[in-house]
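J.: First, the structure itself, so that you have it in front of you.
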Amino acid sequence: MAQRLKPKNDFLFKRLFGETESKNLLISLLNAILHPADDKKIIDVTVIDNKELVKEVIDGKSGRLDVRCETEDNEQIDLEVQIERDHAMDKRTLFYLSKLFVGSIKEGHDYDLLKKTITINILDFNYLPLDHFHNTFHLYDDGNKEFMLTDIFEIHFLECLKFRAMQHDLNNPLHRWLLFLDEKVTEQQLEELMTMDSTIKTAEERLQRLSCDEETLRLYEAREEAFIEYNSGMSAARRAGLREGIEIGEKNGEKKGIQKGIQQGKQDGKAEGKQEVARNMLALGLDIEAIVKCTGLTIDELDKLK
C-alpha cells in the first residue's frame, strides 16, 4: 500500500468529515459513536463549514480544528481529534461545550431554546484512568446514579491506543471507523473494511483524492510539521527542566550538607565541652552524682573519662 496520509491529522480529518459534500461520512461516523436507537438515528445534519483555515491555525501548535454540525432535532455536535497529549482535556472540553451551549440562543430568549450539546473527543493517547476505550458522560445525581438531571450535555472520549490494544469486531460500525482512522491499518484490513462497509469505501476514496490535491497536501504537511516542532519544543523543555532540577537539587544538597555539618559540629563541640568540665570536676574530687547533674553525662561516660 502506498504511503497513506494520516486520517487523524486534524486538518485532514476536517477535510474528510467537516464539509457539506462529505456529510454522509460524518453522519455514519456520528451514528457509530452515539449509537442511538433505530428511531433516533441521525438522518441529516447541517455542517457548519468553516473553510477559512488561516496560516496561524495550520502552523500553530495549539490551533483547534474541529468538525461542527447540527442535526434535524436541533442538537449541536462538536467533534475533534486530539493527537498531542493535553493534560487538561476535561477542562478544555467543558470550556468549548459551555461556549457552544451558551451560544445556542440569543440574549433574552427562553432557556427552553437552548440546544442539546454533544462534544466528542477522539484522542490519540490514553487519558482517562478507565479500561474501556469509549466513555460517555452526563449529569447524574451523586446519591442516585440512575437519576440524570438532564441530557442536554453529553461528552464522549474515545481513546485510540486502548482501542488498538483490544480485540476488534468488524461487525461493530464504531470499530470499523476507528480502524479506518488508524494510520497503522494494513492493506488487507482496509480491503476488508471497504468490502463490508460502502461508506468506509467512500471515505477511503475521498482520502485518496485529497492526497492528490496539492493545496491539501501542503496544508497537511504544514500541520504535521507543527506537531513535530511542538514535540521537539516539549522535549527540549523537559530536558532543560530536568537539568535545572538536577542543578537545584545539587545546590540544595550541598547547602543542606553544610548546614548539617555546622549542626553536627555544634553538637560535637557541646559534647567536648561537657567532657572537659567533667574532667576538671573529677580532678577536684567532687561527688559523682553532682557531676552527672551538672554535665548531663552518664555514670558510664564518667567512668570512661576517669
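In the C-alpha cells, each chain is lettered A, B, ... as it comes, each chain's residues begin at 1, and ligands are numbered from 1 in order of appearance.
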Any idea what's packed within 12 Å of A:Phe95, counting only C-alpha atoms, ignoring anything in its chain fewer than 6 positions away? Could you give it as a list in words?

T.: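 The neighbour list is Ala88, Met89, Phe101, Val102, Thr119 and Ile155 of chain A.
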
J.: Could the residues in this selection be written to a file with N, CA and C atoms, as a PDB file, in the first residue's frame?

T.:
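The resulting file, out_12.pdb, is shown below:
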```pdb
ATOM      1  N   ALA A  88      -5.224  18.728  30.333  1.00  0.00           N
ATOM      2  CA  ALA A  88      -6.448  19.383  30.820  1.00  0.00           C
ATOM      3  C   ALA A  88      -7.599  19.154  29.841  1.00  0.00           C
ATOM      4  N   MET A  89      -7.663  17.971  29.251  1.00  0.00           N
ATOM      5  CA  MET A  89      -8.710  17.696  28.268  1.00  0.00           C
ATOM      6  C   MET A  89     -10.100  17.812  28.863  1.00  0.00           C
ATOM      7  N   PHE A 101     -22.928  25.763  24.081  1.00  0.00           N
ATOM      8  CA  PHE A 101     -24.236  25.700  24.731  1.00  0.00           C
ATOM      9  C   PHE A 101     -24.815  27.094  24.934  1.00  0.00           C
ATOM     10  N   VAL A 102     -24.032  27.998  25.510  1.00  0.00           N
ATOM     11  CA  VAL A 102     -24.497  29.360  25.770  1.00  0.00           C
ATOM     12  C   VAL A 102     -24.793  30.090  24.457  1.00  0.00           C
ATOM     13  N   THR A 119     -20.232  16.889  22.745  1.00  0.00           N
ATOM     14  CA  THR A 119     -18.840  17.015  22.320  1.00  0.00           C
ATOM     15  C   THR A 119     -18.216  15.621  22.278  1.00  0.00           C
ATOM     16  N   ILE A 155     -20.831  14.153  26.747  1.00  0.00           N
ATOM     17  CA  ILE A 155     -19.396  14.209  26.423  1.00  0.00           C
ATOM     18  C   ILE A 155     -18.888  12.805  26.146  1.00  0.00           C
TER      19      ILE A 155
END
```

J.: Give me the residues within 12 Å of A:Ile83 as a PyMOL selection string, counting only C-alpha atoms and dropping any in the same chain fewer than 2 places off.

T.: chain A and resi 6-11+13+61-62+64-65+80-81+85-86+89+121-127+158-161+182+223-224+226-228+230-231

J.: How far is it from atom CA of A:Asp110 to atom CA of A:Leu139, in Å with one decimal?

T.: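 Here the two named atoms are 21.5 Å from each other.
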
J.: Using DSSP on the backbone coordinates, identify the residues of stretch 111-285 of chain A assigned to alpha helix (DSSP H); present them as number ranges by chain.

T.: A: 160-164, 173-181, 187-196, 198-211, 214-283

J.: Quick one: distance from atom CA of A:Lys162 to atom CA of A:Leu174 in Å, one decimal?

T.: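 For atom CA of A:Lys162 relative to atom CA of A:Leu174, the distance reads 13.8 Å.
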
J.: How many Å separate atom CA of A:Glu192 from atom CA of A:Leu25?

T.: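 Atom CA of A:Leu25 lies 17.9 Å from atom CA of A:Glu192.
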
J.: Would you list the contacts of A:Lys293 as a compact mmCIF listing (two decimals) with N, CA, C and O atoms, in the first residue's frame, taking every protein, DNA or RNA residue within 12 Å and counting only C-alpha atoms, but skipping same-chain residues closer than 4 positions in sequence?

T.:
```
# COMPACT_ATOMS: atom_id res chain seq x y z
N LYS A 274 31.33 19.50 77.65
CA LYS A 274 30.82 18.80 78.83
C LYS A 274 31.88 17.86 79.40
O LYS A 274 32.06 17.76 80.62
N ALA A 278 33.62 17.91 83.04
CA ALA A 278 33.57 16.71 83.89
C ALA A 278 34.96 16.31 84.36
O ALA A 278 35.16 15.92 85.54
N MET A 281 36.03 18.55 87.18
CA MET A 281 35.30 18.26 88.42
C MET A 281 35.80 16.97 89.05
O MET A 281 35.90 16.85 90.29
N LEU A 286 35.12 15.96 93.19
CA LEU A 286 33.72 16.23 93.51
C LEU A 286 32.89 14.96 93.41
O LEU A 286 33.26 13.99 92.74
N ASP A 287 31.71 15.00 94.03
CA ASP A 287 30.82 13.84 94.08
C ASP A 287 30.32 13.49 92.67
O ASP A 287 29.96 14.37 91.88
N ILE A 288 30.29 12.18 92.35
CA ILE A 288 29.88 11.71 91.02
C ILE A 288 28.48 12.16 90.67
O ILE A 288 28.21 12.63 89.56
N GLU A 289 27.55 12.02 91.62
CA GLU A 289 26.16 12.40 91.35
C GLU A 289 26.05 13.89 91.02
O GLU A 289 25.25 14.29 90.17
N LEU A 297 26.14 14.09 81.72
CA LEU A 297 26.78 12.85 81.30
C LEU A 297 26.33 11.70 82.20
O LEU A 297 25.92 11.91 83.34
N THR A 298 26.42 10.49 81.65
CA THR A 298 26.04 9.30 82.44
C THR A 298 27.22 8.84 83.27
O THR A 298 28.39 9.25 83.05
N ILE A 299 26.92 7.96 84.23
CA ILE A 299 27.99 7.41 85.09
C ILE A 299 28.98 6.62 84.24
O ILE A 299 30.20 6.68 84.47
N LEU A 302 31.32 8.94 82.58
CA LEU A 302 32.29 9.47 83.54
C LEU A 302 33.37 8.44 83.85
O LEU A 302 34.54 8.78 84.01
```

J.: If we count only C-alpha atoms and set the cut-off at 10 Å, which residues sit around A:Lys40, ignoring sequence neighbours fewer than 3 positions away in its own chain? Please answer as a list in words.

T.: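 Here the qualifying residues turn out to be Asn31, His35, Pro36, Ala37, Ile43 and Asp73 of chain A.
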
J.: Skipping near chain neighbours, those fewer than 3 positions away, what residues fall within 12 Å of A:Lys99 using only C-alpha atoms, listed as a ChimeraX atom specification?

T.: /A:76,78,92-96,102-105,114-115,117-119

J.: Write a file of the selected residues as a PDB file, in the first residue's frame, keeping C-alpha atoms.

T.:
```pdb
ATOM      1  CA  GLN A  76     -25.371  20.578  18.068  1.00  0.00           C
ATOM      2  CA  ASP A  78     -18.678  19.215  18.123  1.00  0.00           C
ATOM      3  CA  ARG A  92     -10.796  22.076  27.687  1.00  0.00           C
ATOM      4  CA  THR A  93     -13.833  20.005  26.706  1.00  0.00           C
ATOM      5  CA  LEU A  94     -16.122  21.693  29.233  1.00  0.00           C
ATOM      6  CA  PHE A  95     -14.888  25.111  28.117  1.00  0.00           C
ATOM      7  CA  TYR A  96     -15.801  24.589  24.463  1.00  0.00           C
ATOM      8  CA  VAL A 102     -24.497  29.360  25.770  1.00  0.00           C
ATOM      9  CA  GLY A 103     -24.184  30.470  22.162  1.00  0.00           C
ATOM     10  CA  SER A 104     -27.120  28.323  21.061  1.00  0.00           C
ATOM     11  CA  ILE A 105     -29.652  31.029  21.996  1.00  0.00           C
ATOM     12  CA  LEU A 114     -31.036  26.037  24.485  1.00  0.00           C
ATOM     13  CA  LYS A 115     -29.825  23.208  22.253  1.00  0.00           C
ATOM     14  CA  THR A 117     -24.788  19.987  23.002  1.00  0.00           C
ATOM     15  CA  ILE A 118     -22.617  16.930  22.374  1.00  0.00           C
ATOM     16  CA  THR A 119     -18.840  17.015  22.320  1.00  0.00           C
TER      17      THR A 119
END
```

J.: Just list the residues in stretch 83-212 of chain A DSSP gives strand (DSSP E) on the backbone, as a list in words.

T.: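 Selecting the strand (DSSP E) positions of stretch 83-212 of chain A gives Thr117, Ile118, Thr119, Ile120, Asn121, Ile122, Leu123, His134, Asn135, Thr136, Phe137, His138, Leu139, Tyr140, Met148, Leu149, Thr150, Asp151, Ile152, Phe153, Glu154, Ile155, His156, Phe157, Leu158 and Glu159 of chain A.
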